[in-house]
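Printed here is data-v6.txt (compact mmCIF, C-alpha atoms and all ligand atoms):
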# COMPACT_ATOMS: atom_id res chain seq x y z
CA MET A 1 19.10 11.75 1.83
CA THR A 2 19.17 11.38 -1.92
CA TYR A 3 16.15 10.25 -3.83
CA VAL A 4 15.31 9.57 -7.43
CA THR A 5 12.60 11.51 -9.29
CA TRP A 6 10.42 9.96 -11.97
CA PHE A 7 7.65 11.44 -14.10
CA ARG A 8 4.32 12.06 -12.30
CA GLU A 9 1.12 13.03 -14.13
CA GLU A 10 -0.07 16.53 -13.22
CA SER A 11 -3.58 15.24 -12.38
CA LEU A 12 -2.12 12.99 -9.65
CA ILE A 13 -0.24 15.72 -7.84
CA SER A 14 -2.89 18.38 -7.65
CA GLY A 15 -5.80 16.77 -5.82
CA GLN A 16 -7.03 16.55 -2.25
CA GLU A 17 -5.37 13.19 -1.61
CA TYR A 18 -1.94 14.60 -2.47
CA LEU A 19 -2.50 17.67 -0.32
CA GLY A 20 -3.64 15.56 2.65
CA ASN A 21 -0.58 13.31 2.51
CA GLN A 22 1.73 16.33 2.21
CA LEU A 23 0.17 17.77 5.37
CA ILE A 24 0.64 14.58 7.37
CA ALA A 25 4.25 14.26 6.18
CA GLN A 26 5.12 17.85 7.05
CA ASN A 27 3.63 17.64 10.55
CA ALA A 28 4.41 14.07 11.59
CA SER A 29 8.01 14.17 10.37
CA SER A 30 8.87 16.88 12.88
CA LYS A 31 7.66 14.60 15.73
CA GLY A 32 9.81 11.61 14.77
CA TYR A 33 9.51 7.90 13.96
CA ASN A 34 6.61 6.89 16.21
CA ALA A 35 4.40 9.75 15.05
CA ILE A 36 5.13 8.94 11.41
CA ILE A 37 4.12 5.30 11.93
CA ASN A 38 1.02 6.16 13.99
CA GLU A 39 -0.21 8.85 11.65
CA TYR A 40 0.69 7.40 8.23
CA VAL A 41 1.07 3.63 8.42
CA TYR A 42 -0.98 2.56 11.50
CA ILE A 43 1.10 -0.60 11.85
CA ASP A 44 4.74 -0.94 12.90
CA THR A 45 7.54 -2.94 11.32
CA HIS A 46 7.46 -6.05 13.60
CA HIS A 47 3.76 -6.58 12.84
CA VAL A 48 4.37 -6.09 9.12
CA SER A 49 7.03 -8.86 9.31
CA ASP A 50 4.67 -11.06 11.28
CA ILE A 51 1.93 -10.72 8.66
CA LEU A 52 4.29 -11.47 5.78
CA LYS A 53 5.50 -14.61 7.61
CA LYS A 54 1.90 -15.90 7.74
CA ILE A 55 1.44 -15.79 3.96
CA PRO A 56 2.14 -19.14 2.26
CA ASP A 57 5.67 -19.30 0.75
CA ILE A 58 6.05 -15.55 0.50
CA SER A 59 9.52 -15.30 2.04
CA ASN A 60 11.01 -17.74 -0.50
CA MET A 61 9.54 -15.71 -3.33
CA MET A 62 10.55 -12.20 -2.31
CA LYS A 63 14.23 -11.96 -3.20
CA GLY A 64 16.59 -9.95 -5.38
CA VAL A 65 15.46 -6.51 -6.60
CA GLY A 66 11.93 -5.39 -5.77
CA ILE A 67 9.49 -2.50 -6.06
CA ASP A 68 7.10 -1.18 -3.43
CA LEU A 69 4.20 0.57 -5.16
CA GLY A 70 2.73 3.48 -3.18
CA GLY A 71 5.45 2.97 -0.59
CA GLY A 72 4.43 5.84 1.70
CA VAL A 73 6.96 6.57 4.43
CA GLY A 74 9.01 3.45 3.63
CA CYS A 75 7.97 1.18 6.49
CA ILE A 76 6.99 -1.74 4.27
CA SER A 77 10.05 -1.44 1.99
CA SER A 78 12.41 -1.18 4.96
CA THR A 79 10.80 -4.15 6.69
CA VAL A 80 11.07 -6.31 3.59
CA ALA A 81 14.67 -5.12 2.99
CA GLN A 82 15.72 -6.50 6.40
CA ASN A 83 15.71 -9.91 4.80
CA GLU A 84 19.15 -10.98 3.57
CA THR A 85 17.71 -12.34 0.33
CA ILE A 86 16.73 -8.81 -0.71
CA GLN A 87 19.35 -6.96 -2.74
CA LYS A 88 17.45 -3.69 -3.15
CA ILE A 89 13.95 -2.29 -3.22
CA PHE A 90 12.65 0.81 -5.01
CA CYS A 91 10.15 2.53 -2.71
CA ILE A 92 7.93 4.43 -5.16
CA GLU A 93 5.78 7.13 -3.61
CA LEU A 94 3.82 9.91 -5.29
CA VAL A 95 4.01 12.56 -2.57
CA GLU A 96 7.30 14.42 -2.47
CA ASP A 97 7.31 15.42 1.20
CA VAL A 98 6.44 11.88 2.26
CA VAL A 99 9.63 10.74 0.53
CA LYS A 100 11.81 13.71 1.45
CA LEU A 101 10.80 14.23 5.08
CA CYS A 102 9.59 10.83 6.33
CA GLN A 103 11.47 8.11 4.44
CA PRO A 104 14.95 9.02 5.80
CA ILE A 105 13.69 8.74 9.39
CA VAL A 106 11.88 5.46 8.79
CA LYS A 107 14.70 3.85 6.80
CA GLU A 108 17.28 4.82 9.41
CA ASN A 109 15.11 3.53 12.25
CA ILE A 110 14.38 0.15 10.68
CA LEU A 111 17.50 -0.51 8.60
CA GLY A 112 20.24 1.59 10.24
CA LYS A 113 23.45 1.20 8.26
CA ASN A 114 21.62 -0.80 5.60
CA SER A 115 19.27 2.11 4.75
CA ASP A 116 20.63 2.27 1.21
CA LYS A 117 18.97 -1.08 0.45
CA VAL A 118 15.84 1.04 -0.07
CA THR A 119 16.03 3.45 -3.01
CA SER A 120 13.56 6.27 -2.41
CA VAL A 121 11.65 7.34 -5.51
CA VAL A 122 9.31 10.31 -5.93
CA GLY A 123 7.22 8.90 -8.75
CA SER A 124 4.02 7.27 -9.85
CA PHE A 125 3.32 3.55 -9.95
CA ASP A 126 1.70 4.21 -13.34
CA ASN A 127 5.05 5.23 -14.89
CA LEU A 128 7.85 3.03 -13.63
CA GLU A 129 11.14 4.19 -15.10
CA LEU A 130 12.48 0.66 -15.13
CA GLU A 131 13.31 -1.78 -17.93
CA ASP A 132 10.83 -4.44 -19.05
CA ASN A 133 11.30 -7.80 -17.25
CA SER A 134 13.87 -6.40 -14.80
CA ILE A 135 12.29 -6.81 -11.35
CA ASP A 136 12.15 -9.93 -9.12
CA PHE A 137 9.17 -9.01 -6.94
CA ALA A 138 6.63 -6.27 -6.26
CA ILE A 139 4.70 -5.44 -3.13
CA SER A 140 1.94 -2.91 -2.52
CA TRP A 141 0.49 -2.39 0.94
CA ASP A 142 -2.83 -0.53 1.18
CA ALA A 143 -2.01 1.44 -1.96
CA MET A 144 -3.59 -0.32 -4.95
CA HIS A 145 -7.06 0.84 -3.93
CA HIS A 146 -5.71 4.40 -4.30
CA SER A 147 -4.82 3.91 -7.96
CA SER A 148 -6.83 6.23 -10.19
CA ASN A 149 -6.59 3.64 -12.98
CA LEU A 150 -6.03 0.17 -11.54
CA TYR A 151 -5.94 -1.45 -14.98
CA LYS A 152 -3.06 0.80 -16.07
CA THR A 153 -1.22 0.36 -12.76
CA LEU A 154 -1.35 -3.44 -12.89
CA LEU A 155 -0.22 -3.56 -16.53
CA GLU A 156 2.69 -1.23 -15.76
CA CYS A 157 3.74 -3.43 -12.85
CA LYS A 158 3.49 -6.54 -15.01
CA ARG A 159 5.68 -4.92 -17.67
CA VAL A 160 8.67 -4.58 -15.33
CA LEU A 161 8.27 -7.94 -13.55
CA LYS A 162 10.36 -10.92 -14.62
CA ASP A 163 8.67 -14.17 -15.72
CA ASP A 164 9.27 -15.97 -12.43
CA SER A 165 8.43 -13.03 -10.16
CA VAL A 166 5.60 -12.40 -7.69
CA PHE A 167 3.42 -9.41 -6.87
CA VAL A 168 2.14 -9.26 -3.28
CA ILE A 169 -0.89 -7.03 -2.76
CA VAL A 170 -2.05 -6.30 0.79
CA ASP A 171 -5.24 -4.26 0.66
CA ARG A 172 -8.90 -4.06 1.59
CA GLY A 173 -11.69 -6.13 0.05
CA HIS A 174 -15.45 -6.35 0.46
CA ASN A 175 -17.71 -9.35 0.31
CA ASP A 176 -19.21 -10.03 -3.12
CA SER A 177 -22.66 -9.67 -1.58
CA THR A 178 -22.01 -6.01 -0.68
CA PRO A 179 -24.69 -4.03 -2.55
CA ASP A 180 -23.80 -1.09 -4.81
CA SER A 181 -25.70 1.19 -2.43
CA GLU A 182 -23.31 0.26 0.41
CA ILE A 183 -20.22 0.85 -1.76
CA GLU A 184 -21.59 4.26 -2.76
CA ARG A 185 -22.42 5.07 0.87
CA MET A 186 -18.84 4.34 1.95
CA LEU A 187 -17.41 6.54 -0.81
CA ASP A 188 -19.79 9.41 -0.09
CA ILE A 189 -18.91 9.62 3.60
CA ILE A 190 -17.80 13.13 4.52
CA TYR A 191 -14.90 13.15 6.98
CA ASP A 192 -15.85 14.31 10.47
CA LYS A 193 -14.15 17.04 12.48
CA GLU A 194 -12.08 14.55 14.49
CA PHE A 195 -10.55 13.11 11.32
CA LEU A 196 -9.94 16.58 9.84
CA ILE A 197 -8.16 17.84 12.95
CA LYS A 198 -6.10 14.66 13.24
CA ASN A 199 -5.08 15.08 9.62
CA TYR A 200 -4.08 18.74 9.98
CA ARG A 201 -6.92 20.05 7.84
CA SER A 202 -9.18 22.96 8.56
CA GLU A 203 -12.27 21.90 10.57
CA ASP A 204 -14.72 23.31 8.03
CA THR A 205 -13.33 21.27 5.09
CA ILE A 206 -16.00 19.33 3.22
CA LEU A 207 -14.24 16.29 1.84
CA THR A 208 -15.63 12.88 0.89
CA ARG A 209 -13.68 9.64 0.97
CA ARG A 210 -14.11 9.41 -2.82
CA GLU A 211 -12.52 12.86 -3.25
CA ASN A 212 -9.68 11.63 -1.07
CA GLY A 213 -8.74 8.93 -3.59
CA GLU A 214 -10.48 5.96 -1.97
CA HIS A 215 -11.93 3.08 -4.00
CA GLU A 216 -13.85 0.12 -2.58
CA TYR A 217 -13.47 -3.21 -4.42
CA ARG A 218 -15.30 -6.46 -3.79
CA PHE A 219 -13.13 -9.62 -3.77
CA SER A 220 -14.36 -10.66 -7.23
CA GLU A 221 -13.67 -7.21 -8.61
CA TRP A 222 -10.02 -7.53 -7.52
CA LYS A 223 -9.88 -10.96 -9.14
CA ASN A 224 -11.36 -9.64 -12.40
CA TYR A 225 -8.72 -6.92 -12.57
CA PHE A 226 -5.98 -9.54 -12.08
CA LYS A 227 -7.48 -11.73 -14.79
CA LYS A 228 -7.87 -8.85 -17.26
CA THR A 229 -4.28 -7.68 -16.76
CA GLY A 230 -2.74 -11.17 -16.97
CA PHE A 231 -1.93 -12.23 -13.42
CA ASP A 232 -2.55 -15.68 -11.92
CA ILE A 233 -3.47 -15.78 -8.24
CA LEU A 234 -1.06 -18.08 -6.36
CA SER A 235 -2.77 -17.55 -3.00
CA SER A 236 -5.37 -15.39 -1.27
CA THR A 237 -5.43 -14.93 2.50
CA ILE A 238 -7.44 -12.69 4.80
CA ILE A 239 -5.74 -11.34 7.92
CA LYS A 240 -7.96 -9.92 10.66
CA THR A 241 -7.53 -8.40 14.07
CA SER A 242 -9.60 -10.63 16.37
CA THR A 243 -12.36 -8.16 17.16
CA ASP A 244 -15.95 -9.31 17.76
CA GLU A 245 -17.00 -7.73 14.45
CA ASN A 246 -14.26 -9.49 12.50
CA LYS A 247 -15.03 -12.87 14.13
CA LYS A 248 -18.68 -12.53 13.10
CA LEU A 249 -18.07 -11.32 9.55
CA LYS A 250 -16.98 -14.20 7.27
CA ASN A 251 -15.87 -13.62 3.71
CA ASP A 252 -18.24 -15.01 1.07
CA VAL A 253 -15.65 -16.22 -1.45
CA GLY A 254 -13.98 -18.98 0.58
CA ILE A 255 -10.67 -17.22 1.29
CA PRO A 256 -8.89 -18.67 4.37
CA GLU A 257 -8.88 -16.26 7.31
CA ILE A 258 -6.10 -15.79 9.89
CA PHE A 259 -6.62 -13.86 13.13
CA VAL A 260 -3.98 -11.79 14.92
CA ASP A 261 -4.08 -10.15 18.35
CA TYR A 262 -2.75 -6.75 17.30
CA GLU A 263 -4.26 -3.86 15.36
CA LEU A 264 -3.83 -4.08 11.60
CA GLY A 265 -4.89 -0.49 11.11
CA ALA A 266 -7.04 1.16 8.46
CA PHE A 267 -10.40 -0.12 7.23
CA GLY A 268 -12.04 -2.58 9.65
CA ASN A 269 -8.69 -3.87 10.94
CA ARG A 270 -8.72 -6.51 8.22
CA LYS A 271 -6.74 -7.04 5.03
CA VAL A 272 -6.74 -9.35 2.06
CA VAL A 273 -3.38 -10.54 0.75
CA PHE A 274 -3.13 -11.69 -2.86
CA VAL A 275 0.07 -13.30 -4.12
CA LEU A 276 0.09 -12.94 -7.90
CA LYS A 277 2.26 -14.28 -10.69
CA PRO A 278 2.44 -12.49 -14.04
CA ILE A 279 1.42 -14.62 -17.01
CA LYS A 280 4.08 -13.80 -19.63
C1 LIG A 301 -2.77 4.31 2.27
S1 LIG A 301 -1.19 4.85 1.76
C2 LIG A 301 -0.19 3.42 2.06
C3 LIG A 301 1.27 3.76 2.14
C4 LIG A 301 2.21 2.60 2.50
N1 LIG A 301 2.17 1.53 1.56
C5 LIG A 301 1.89 2.13 3.90
O1 LIG A 301 1.34 1.03 4.05
O2 LIG A 301 2.14 2.87 4.82
C6 LIG A 301 -1.31 4.87 -0.02
C7 LIG A 301 -0.11 5.52 -0.65
O3 LIG A 301 -0.16 5.42 -2.06
C8 LIG A 301 0.38 6.61 -2.59
N2 LIG A 301 -0.05 6.75 -3.99
C9 LIG A 301 -1.27 7.05 -4.47
N3 LIG A 301 -1.24 7.09 -5.81
C10 LIG A 301 0.03 6.81 -6.19
C11 LIG A 301 0.70 6.71 -7.45
N4 LIG A 301 0.06 6.90 -8.60
N5 LIG A 301 2.00 6.39 -7.45
C12 LIG A 301 2.69 6.19 -6.28
N6 LIG A 301 2.11 6.28 -5.07
C13 LIG A 301 0.80 6.58 -5.01
C14 LIG A 301 -0.17 7.69 -1.67
O4 LIG A 301 0.51 8.91 -1.79
C15 LIG A 301 -0.02 7.02 -0.33
O5 LIG A 301 1.23 7.28 0.27
Output the file's structure in the form of structure tokens.
Amino acid sequence: MTYVTWFREESLISGQEYLGNQLIAQNASSKGYNAIINEYVYIDTHHVSDILKKIPDISNMMKGVGIDLGGGVGCISSTVAQNETIQKIFCIELVEDVVKLCQPIVKENILGKNSDKVTSVVGSFDNLELEDNSIDFAISWDAMHHSSNLYKTLLECKRVLKDDSVFVIVDRGHNDSTPDSEIERMLDIIYDKEFLIKNYRSEDTILTRRENGEHEYRFSEWKNYFKKTGFDILSSTIIKTSTDENKKLKNDVGIPEIFVDYELGAFGNRKVVFVLKPIK
């Protein structure tokens, strides 16, 4: 498979997060499609489609040429590209082996002969080698909270988006009432042996979630970033797996919540979806 290479800052490709994702890619890719999805994405293509269908008006707005920021193994890009209104999508992923070893398998599995609708890019979402005002839509699934400089990332995305485009962010969010001490506690958690083994790391590794590139934003912190970088919020939706914990925990900013009967994967089995419009 051919892929495009864009500039990546040295600091982004030398840390623990990069190493961890390389390890998963190298090991899971040899086991095939299901292992790649289970170990990297945690949610399969039909559930990704189902979630996107639940977001107000999203399917009418995602058309033409798009970008997937932090595209991982290509599951989200390939799912979106199934839609006939999509001409092409650049799947931009920092980690070379994730692109080289996993994306061909995932694209082939989901898109078959239409795999070339997804252009694989080894690159950083902070340096998009695309013209200003050239892109019809952007999507980022569980990746914006991994940005080392969210302000820069959002401005770079806005630069390439056309006036009438949308940016769909699917990510994690915490209630505004979450105290600083709880945010710090989450970031300081040291991964346990089970996680380390599952992620192909040595059992005696001492690694915190913070060192692994995680950030934890409250809903209002997300909104402030969007405001500061010049995005209007068209809609906000929370999607949750219907677990007892998720039924009990209500968000404290009035975002409508939708429950699904399958696992959403990652933090708490719940996600917030923001549909943004760049203010040009
Ligand atoms: C939690 S994963 C989500 C991947 C994919 N969107 C999915 O849902 O499977 C976050 C991804 O963002 C990528 N990433 C982190 N920083 C990046 C950057 N500066 N540019 C591009 N990708 C980045 C990571 O390598 C990782 O694959």
Worksheet item: Residues within 7 Å of ligand LIG 301 (chain A) (all atoms listed in the file), as a PyMOL selection string?
Response: chain A and resi 12+18+21+40-41+69-76+92-95+123-126+140-143+146-147
Worksheet item: Taking all atoms listed in the file into account, which of A:Cys91, A:Asn246, A:Glu263, A:Asp204 comes nearest A:Lys107?
Response: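 Closest to A:Lys107 of all the choices is A:Cys91.
Atom pair atom CA of A:Leu249 / atom CA of A:Glu214 has a distance of 22.1 Å (rounded to one decimal).
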Discussion item. Using all atoms listed in the file, which protein or nucleic acid residues come within 9 Å of A:Ile139? Drop anything in the same chain fewer than 3 positions from it, and give the result as a list in words.
Written reply: Met62, Gly66, Ile67, Asp68, Leu69, Gly71, Ile76, Ser77, Val166, Phe167, Val168, Ile169 and Val170 of chain A
Expected file: the selected residues, C-alpha atoms, as a short mmCIF file (atom, residue, chain, number, x, y, z; two decimals), in the frame of the given file:
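Dumped everything to again_33.cif:
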data_model
loop_
_atom_site.label_atom_id
_atom_site.label_comp_id
_atom_site.auth_asym_id
_atom_site.auth_seq_id
_atom_site.Cartn_x
_atom_site.Cartn_y
_atom_site.Cartn_z
CA MET A 62 10.55 -12.20 -2.31
CA GLY A 66 11.93 -5.39 -5.77
CA ILE A 67 9.49 -2.50 -6.06
CA ASP A 68 7.10 -1.18 -3.43
CA LEU A 69 4.20 0.57 -5.16
CA GLY A 71 5.45 2.97 -0.59
CA ILE A 76 6.99 -1.74 4.27
CA SER A 77 10.05 -1.44 1.99
CA VAL A 166 5.60 -12.40 -7.69
CA PHE A 167 3.42 -9.41 -6.87
CA VAL A 168 2.14 -9.26 -3.28
CA ILE A 169 -0.89 -7.03 -2.76
CA VAL A 170 -2.05 -6.30 0.79
#
Item to complete: Would you mind listing what lies within 12 Å of A:Ile239 as an MDAnalysis selection string, with all atoms listed in the file counted and same-chain residues fewer than 4 positions away left out?
Response: chainID A and resid 47:48 50:55 170:173 243 246:247 250:251 255:265 268:274
Just-selected residues, C-alpha atoms written as a PDB file, in the coordinates of the input:
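This went into again-v4.pdb:
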ATOM      1  CA  HIS A  47       3.760  -6.580  12.840  1.00  0.00           C
ATOM      2  CA  VAL A  48       4.370  -6.090   9.120  1.00  0.00           C
ATOM      3  CA  ASP A  50       4.670 -11.060  11.280  1.00  0.00           C
ATOM      4  CA  ILE A  51       1.930 -10.720   8.660  1.00  0.00           C
ATOM      5  CA  LEU A  52       4.290 -11.470   5.780  1.00  0.00           C
ATOM      6  CA  LYS A  53       5.500 -14.610   7.610  1.00  0.00           C
ATOM      7  CA  LYS A  54       1.900 -15.900   7.740  1.00  0.00           C
ATOM      8  CA  ILE A  55       1.440 -15.790   3.960  1.00  0.00           C
ATOM      9  CA  VAL A 170      -2.050  -6.300   0.790  1.00  0.00           C
ATOM     10  CA  ASP A 171      -5.240  -4.260   0.660  1.00  0.00           C
ATOM     11  CA  ARG A 172      -8.900  -4.060   1.590  1.00  0.00           C
ATOM     12  CA  GLY A 173     -11.690  -6.130   0.050  1.00  0.00           C
ATOM     13  CA  THR A 243     -12.360  -8.160  17.160  1.00  0.00           C
ATOM     14  CA  ASN A 246     -14.260  -9.490  12.500  1.00  0.00           C
ATOM     15  CA  LYS A 247     -15.030 -12.870  14.130  1.00  0.00           C
ATOM     16  CA  LYS A 250     -16.980 -14.200   7.270  1.00  0.00           C
ATOM     17  CA  ASN A 251     -15.870 -13.620   3.710  1.00  0.00           C
ATOM     18  CA  ILE A 255     -10.670 -17.220   1.290  1.00  0.00           C
ATOM     19  CA  PRO A 256      -8.890 -18.670   4.370  1.00  0.00           C
ATOM     20  CA  GLU A 257      -8.880 -16.260   7.310  1.00  0.00           C
ATOM     21  CA  ILE A 258      -6.100 -15.790   9.890  1.00  0.00           C
ATOM     22  CA  PHE A 259      -6.620 -13.860  13.130  1.00  0.00           C
ATOM     23  CA  VAL A 260      -3.980 -11.790  14.920  1.00  0.00           C
ATOM     24  CA  ASP A 261      -4.080 -10.150  18.350  1.00  0.00           C
ATOM     25  CA  TYR A 262      -2.750  -6.750  17.300  1.00  0.00           C
ATOM     26  CA  GLU A 263      -4.260  -3.860  15.360  1.00  0.00           C
ATOM     27  CA  LEU A 264      -3.830  -4.080  11.600  1.00  0.00           C
ATOM     28  CA  GLY A 265      -4.890  -0.490  11.110  1.00  0.00           C
ATOM     29  CA  GLY A 268     -12.040  -2.580   9.650  1.00  0.00           C
ATOM     30  CA  ASN A 269      -8.690  -3.870  10.940  1.00  0.00           C
ATOM     31  CA  ARG A 270      -8.720  -6.510   8.220  1.00  0.00           C
ATOM     32  CA  LYS A 271      -6.740  -7.040   5.030  1.00  0.00           C
ATOM     33  CA  VAL A 272      -6.740  -9.350   2.060  1.00  0.00           C
ATOM     34  CA  VAL A 273      -3.380 -10.540   0.750  1.00  0.00           C
ATOM     35  CA  PHE A 274      -3.130 -11.690  -2.860  1.00  0.00           C
TER      36      PHE A 274
END
Discussion item. Using all atoms listed in the file, can you tell me which of A:Val121, A:Ile110, A:Gly213, A:Ile183 comes closest to A:His145?
Written reply: A:Gly213
Can you report as AutoDock Vina command-line options the centre and edge lengths in Å, to one decimal, of an axis-aligned box around the listed atoms of stretch 70-78 of chain A padded with 8 Å on each side?
--center_x 7.6 --center_y 2.4 --center_z 1.7 --size_x 25.7 --size_y 24.3 --size_z 25.7
Worksheet item: Residues at most 8 Å from stretch 1-10 of chain A, counting all atoms listed in the file, excluding those fewer than 4 positions away in the same chain, as a VMD selection string?
Response: chain A and resid 14 94 99 to 100 104 119 to 124 127 to 129
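For the pair atom CA of A:Lys280 and atom CA of A:Gly254, the interatomic distance is 27.6 Å.
For A:Ile189, the list of residues within 10 Å, based on all atoms listed in the file and with local chain neighbours fewer than 2 positions off taken out, reads Glu184, Arg185, Met186, Leu187, Tyr191, Asp192, Leu207, Thr208, Arg209, Arg210 and Glu211 of chain A.
Atom CA of A:Val275 is found 25.1 Å from atom CA of A:Leu111.
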Residue list as a PDB file with C-alpha atoms, in the coordinates of the input for point (19.5, -12.2, 1.9), cut-off 12 Å, all atoms listed in the file:
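Below is the file that was written, part-v9.pdb:
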ATOM      1  CA  SER A  59       9.520 -15.300   2.040  1.00  0.00           C
ATOM      2  CA  ASN A  60      11.010 -17.740  -0.500  1.00  0.00           C
ATOM      3  CA  MET A  61       9.540 -15.710  -3.330  1.00  0.00           C
ATOM      4  CA  MET A  62      10.550 -12.200  -2.310  1.00  0.00           C
ATOM      5  CA  LYS A  63      14.230 -11.960  -3.200  1.00  0.00           C
ATOM      6  CA  GLY A  64      16.590  -9.950  -5.380  1.00  0.00           C
ATOM      7  CA  VAL A  65      15.460  -6.510  -6.600  1.00  0.00           C
ATOM      8  CA  VAL A  80      11.070  -6.310   3.590  1.00  0.00           C
ATOM      9  CA  ALA A  81      14.670  -5.120   2.990  1.00  0.00           C
ATOM     10  CA  GLN A  82      15.720  -6.500   6.400  1.00  0.00           C
ATOM     11  CA  ASN A  83      15.710  -9.910   4.800  1.00  0.00           C
ATOM     12  CA  GLU A  84      19.150 -10.980   3.570  1.00  0.00           C
ATOM     13  CA  THR A  85      17.710 -12.340   0.330  1.00  0.00           C
ATOM     14  CA  ILE A  86      16.730  -8.810  -0.710  1.00  0.00           C
ATOM     15  CA  GLN A  87      19.350  -6.960  -2.740  1.00  0.00           C
ATOM     16  CA  LYS A  88      17.450  -3.690  -3.150  1.00  0.00           C
ATOM     17  CA  LYS A 117      18.970  -1.080   0.450  1.00  0.00           C
TER      18      LYS A 117
END
Fill in: Polymer residues at most 8 Å from A:Thr229, only C-alpha atoms, same-chain spacing of 5 or more positions, as a PyMOL selection string
chain A and resi 151+154-155
Fill in: Selected residue of minimal separation from A:Gln26 among A:Phe137, A:Tyr200, A:Tyr42, A:Phe90, counting all atoms listed in the file
A:Tyr200
Worksheet entry | Proximity to A:Asn114 - best of A:Leu23, A:Ala266, A:Ile89, A:Ala28, all atoms listed in the file |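 For A:Asn114, the nearest of the given residues is A:Ile89.
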Discussion item. I need the residue nearest A:Glu216 from this list: A:Glu39, A:Ile135, A:Ser235, A:Ser181. Use all atoms listed in the file for the distance.
Written reply: A:Ser181
